[in-house]
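Single-structure report; data block below.
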Amino acid sequence: MSEATMRQEIKDHLYEVIIPFWKGLKDEEFGGYYGLLDFDLNLDKKAVKGCILNSRILWFFANGAVRLQDESLLSYADHAFEFLKKHCLDQEKGGVYWSLEYDGRVHDGTKHTYNQAFAVYALASYYEASGREEAKELAFRLYDLIERVCRDENGYLEAFSEDFKPASNEKLSENGVMATRTMNTLLHVFEAYTELYRVTGDKRLEKQLKEMFSRFYNEIYHKERHRLEVFFDDKYNSLIDLHSYGHDIEAAWLIDRGISVLKDVLDEETVQQISAMTKDIAENVYRLAYDGESLMCENEKGIDNQLRIWWVQCEAIIGFYNEYEKDAAKEKYREAAEAVWAYTKEKIVDKRPGSEWLSEVDEKGVPATRKPIVEPWKCPYHNGRMCYEMLERIKE
């Protein structure tokens with residue numbers, strides 16, 4: 001497959017499948033977007049609406065309006081913004097709820113740092129697309145809250161009650177551990193702040209972003225294992241022998257993006273250290289998790305999980321192509337990005353009319369579960385972002 005062919009296929013898929021699908025989930029009666037389309041394509045209009053899902057949909061349409069120069073997408077972003085503003089945001093105590101009932105009533109009032117970060121990310125993108133100062137103000141209100149409440153002197157914390165008392169972290173802990181800190185939350189606070197800095201240039205964000213670069217390198221990165229650790233106690237002791245291939249390849253290119261956005265304010269030593277780290281973890285993922293056509297999701301205690309997860313393939317496409325862009329002599333990365341896209345369009349994209357992408361398949365490419373097509377975590381963030389990134393990275 002040539003790069004030109006890959007680019008055209010991704011563009012066609014974005015315009016013909018992903019964008020129309022998510023437009024069709026707009027809830028005209030209660031606001032926001034419907035929260036559940038099950039495996040059999042039954043739409044539940046009264047399902048819980050995850051606030052992460054709504055933030056990611058807001059980001060998707062706002063970012064599309066800018067990157068595709070398509071103002072028709074802005075009305076869909078407007079719709080998501082109004083729902084976020086009126087319902088997802090706690091007007092009394094501050095912050096973003098975890099989830100809502102279909103009609104906007106609070107379902108789960110947990111305030112999670114990860115969720116606050118995605119709202120910042122979405123609002124930053126919406127501000128860029130719409131120019132609405134209100135979106136910028138809300139983004140910085142959440143930024144101030146994160147810095148005041150959702151962290152301590154050693155970094156970002158995880159879950160809180162509705163009134164911001166510390167709570168257990170079931171929502172972002174897995175594999176039998178309960179994490180006080182996670183690589184995943186740090187990564188997406190970093191992503192959100194990078195985006196807010198990019199669109200506003202606000203100097204307030206520089207200190208935190210520099211701190212997060214240091215945190216990744218000194219606490220999260222395991223140099224001997226050539227990977228990022230995942231779940232931690234309060235002192236950044238890793239809680240489990242887990243290599244999340246998907247998060248590592250995602251982190252590699254997102255952190256490189258951060259270097260690009262902040263290049264004028266970073267010292268050379270930091271740039272060299274962080275660049276070496278992202279190169280190392282990407283190469284390790286390529287070596288351990290890429291089978292020539294797709295990417296496994298993780299390895300726990302030396303045992304590979306053979307599932308091919310939808311979002312992991314998206315991050316592999318961007319992450320591998322990002323490595324090729326840094327060193328065009330390493331064509332293996334370009335070839336890997338093309339191969340994973342070929343696999344994804346064949347095995348992950350759901351060919352049924354009215355559907356979008358399957359959640360996961362087994363090592364033979366057969367649907368492994370009956371997980372929904374849309375649910376609070378299944379959204380247009382990863383696959384939409386992959387399309388936007390690749391359309392920009394592969395020149396016409």
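By order in the structure tokens, chains are A, B, ...; within a chain, residues start at 1; ligands start at 1, following the order shown.
Residues within 10 Å of Met277 in chain A, counting only C-alpha atoms and excluding same-chain residues fewer than 6 positions away, are A:Phe216, A:Tyr217, A:Tyr221, A:His222, A:Lys223, A:His226, A:Arg227, A:Leu228, A:Ala252, A:Ile255, A:Asp256, A:Val271, A:Glu283.
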Query raised in the report: Please, which residues of range 140-250 of chain A, numbered as in this document, come out helix (DSSP H, G or I) from DSSP, as an MDAnalysis selection string?
Result: chainID A and resid 140:149 170:172 183:200 204:220 245:250
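The interatomic distance for the pair CA of Arg67 in chain A and CA of Lys263 in chain A works out to 21.8 Å.
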Query raised in the report: Counting only C-alpha atoms, what is within 12 Å of Lys279 in chain A, bar same-chain residues fewer than 3 positions away, as a PyMOL selection string?
Result: chain A and resi 223+226-227+248-249+251-253+255-256+272-276+282-286+319-320+322-327+330+333
Requested in this report: Would you mind telling me which residue in A:Glu82, A:Asp233, A:Asn154, A:Phe140 lies nearest to Asn169 in chain A when using only C-alpha atoms?
Outcome: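 Smallest separation from Asn169 in chain A among the options: A:Asp233.
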Requested in this report: Go through A:Leu68, A:Ile317, A:Met386, A:Val374 and flag the residue nearest Asp44 in chain A, using only C-alpha atoms for the distances.
Outcome: A:Val374
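Closest approach to Phe213 in chain A among A:Arg257, A:Lys301, A:His79, A:Lys371 is made by A:Arg257 (distances from only C-alpha atoms).
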Query raised in the report: Near Leu209 in chain A, within 10 Å and counting only C-alpha atoms, which residues show up once chain neighbours fewer than 6 positions away are dropped, as a VMD selection string?
Result: chain A and resid 189 to 191 193 to 194 197 215 258 to 259 262 266
Could you save those same residues with N, CA and C atoms as a PDB file, in the first residue's frame?
```pdb
ATOM      1  N   VAL A 189      -3.714  14.439  31.428  1.00  0.00           N
ATOM      2  CA  VAL A 189      -3.545  15.808  31.925  1.00  0.00           C
ATOM      3  C   VAL A 189      -2.501  16.511  31.062  1.00  0.00           C
ATOM      4  N   PHE A 190      -1.423  15.809  30.761  1.00  0.00           N
ATOM      5  CA  PHE A 190      -0.377  16.355  29.889  1.00  0.00           C
ATOM      6  C   PHE A 190      -0.947  16.724  28.514  1.00  0.00           C
ATOM      7  N   GLU A 191      -1.728  15.840  27.943  1.00  0.00           N
ATOM      8  CA  GLU A 191      -2.319  16.094  26.626  1.00  0.00           C
ATOM      9  C   GLU A 191      -3.238  17.314  26.672  1.00  0.00           C
ATOM     10  N   TYR A 193      -3.272  19.850  28.863  1.00  0.00           N
ATOM     11  CA  TYR A 193      -2.532  21.091  29.092  1.00  0.00           C
ATOM     12  C   TYR A 193      -1.730  21.498  27.852  1.00  0.00           C
ATOM     13  N   THR A 194      -1.205  20.507  27.129  1.00  0.00           N
ATOM     14  CA  THR A 194      -0.485  20.810  25.890  1.00  0.00           C
ATOM     15  C   THR A 194      -1.408  21.485  24.893  1.00  0.00           C
ATOM     16  N   TYR A 197      -2.298  25.005  26.078  1.00  0.00           N
ATOM     17  CA  TYR A 197      -1.146  25.880  25.846  1.00  0.00           C
ATOM     18  C   TYR A 197      -1.009  26.220  24.363  1.00  0.00           C
ATOM     19  N   ARG A 215       8.356  14.194  35.322  1.00  0.00           N
ATOM     20  CA  ARG A 215       7.677  13.083  35.976  1.00  0.00           C
ATOM     21  C   ARG A 215       7.688  11.835  35.091  1.00  0.00           C
ATOM     22  N   GLY A 258       4.110  17.122  22.604  1.00  0.00           N
ATOM     23  CA  GLY A 258       4.383  18.108  23.643  1.00  0.00           C
ATOM     24  C   GLY A 258       5.718  18.795  23.445  1.00  0.00           C
ATOM     25  N   ILE A 259       6.727  18.030  23.063  1.00  0.00           N
ATOM     26  CA  ILE A 259       8.034  18.630  22.775  1.00  0.00           C
ATOM     27  C   ILE A 259       7.909  19.645  21.648  1.00  0.00           C
ATOM     28  N   LEU A 262       6.111  22.821  22.874  1.00  0.00           N
ATOM     29  CA  LEU A 262       6.850  23.603  23.875  1.00  0.00           C
ATOM     30  C   LEU A 262       8.328  23.809  23.538  1.00  0.00           C
ATOM     31  N   LEU A 266      11.684  24.766  26.297  1.00  0.00           N
ATOM     32  CA  LEU A 266      12.355  23.622  26.904  1.00  0.00           C
ATOM     33  C   LEU A 266      13.861  23.736  26.718  1.00  0.00           C
TER      34      LEU A 266
END
```
Report task. Using only C-alpha atoms, pick whichever of A:Phe39, A:Phe83, A:Tyr76, A:Tyr156 has the shortest atom-to-atom distance to Gly24 in chain A. Result -> A:Tyr76
Query - Shortest interatomic distance to Asn184 in chain A - which of A:Arg132, A:His247, A:Lys395, A:Lys86, counting only C-alpha atoms - result: A:His247
Query raised in the report: From the list A:Asp234, A:Thr113, A:Lys351, A:Ser125, which residue is nearest Asp78 in chain A when using only C-alpha atoms?
Result: A:Ser125
Query - Distance query range 58-63 of chain A at most 9 Å, only C-alpha atoms, self and fewer than 5 positions along chain excluded, as a count of residues only - result: 30
Tell me, as a PDB file with N, CA, C and O atoms, in the first residue's frame, which residues lie within 7 Å of Phe160 in chain A, counting only C-alpha atoms; anything in the same chain fewer than 4 positions away does not count.
```
ATOM      1  N   THR A 110     -18.932  11.140  40.897  1.00  0.00           N
ATOM      2  CA  THR A 110     -17.485  11.083  41.083  1.00  0.00           C
ATOM      3  C   THR A 110     -16.801  12.176  40.266  1.00  0.00           C
ATOM      4  O   THR A 110     -17.132  12.406  39.104  1.00  0.00           O
ATOM      5  N   LYS A 111     -15.814  12.820  40.876  1.00  0.00           N
ATOM      6  CA  LYS A 111     -14.991  13.806  40.174  1.00  0.00           C
ATOM      7  C   LYS A 111     -13.594  13.186  40.003  1.00  0.00           C
ATOM      8  O   LYS A 111     -12.849  13.069  40.976  1.00  0.00           O
ATOM      9  N   HIS A 112     -13.287  12.772  38.804  1.00  0.00           N
ATOM     10  CA  HIS A 112     -12.003  12.117  38.543  1.00  0.00           C
ATOM     11  C   HIS A 112     -11.093  13.069  37.778  1.00  0.00           C
ATOM     12  O   HIS A 112     -11.529  13.761  36.859  1.00  0.00           O
ATOM     13  N   PHE A 164     -15.252  16.507  46.389  1.00  0.00           N
ATOM     14  CA  PHE A 164     -13.787  16.496  46.307  1.00  0.00           C
ATOM     15  C   PHE A 164     -13.101  15.970  47.562  1.00  0.00           C
ATOM     16  O   PHE A 164     -12.011  16.406  47.925  1.00  0.00           O
ATOM     17  N   LYS A 165     -13.714  14.956  48.176  1.00  0.00           N
ATOM     18  CA  LYS A 165     -13.016  14.167  49.185  1.00  0.00           C
ATOM     19  C   LYS A 165     -12.346  12.984  48.473  1.00  0.00           C
ATOM     20  O   LYS A 165     -12.895  12.437  47.508  1.00  0.00           O
ATOM     21  N   PRO A 166     -11.142  12.570  48.883  1.00  0.00           N
ATOM     22  CA  PRO A 166     -10.474  11.437  48.223  1.00  0.00           C
ATOM     23  C   PRO A 166     -11.365  10.205  48.180  1.00  0.00           C
ATOM     24  O   PRO A 166     -12.055   9.891  49.152  1.00  0.00           O
ATOM     25  N   ALA A 167     -11.354   9.515  47.045  1.00  0.00           N
ATOM     26  CA  ALA A 167     -12.184   8.320  46.852  1.00  0.00           C
ATOM     27  C   ALA A 167     -11.335   7.225  46.225  1.00  0.00           C
ATOM     28  O   ALA A 167     -10.267   7.485  45.663  1.00  0.00           O
TER      29      ALA A 167
END
```
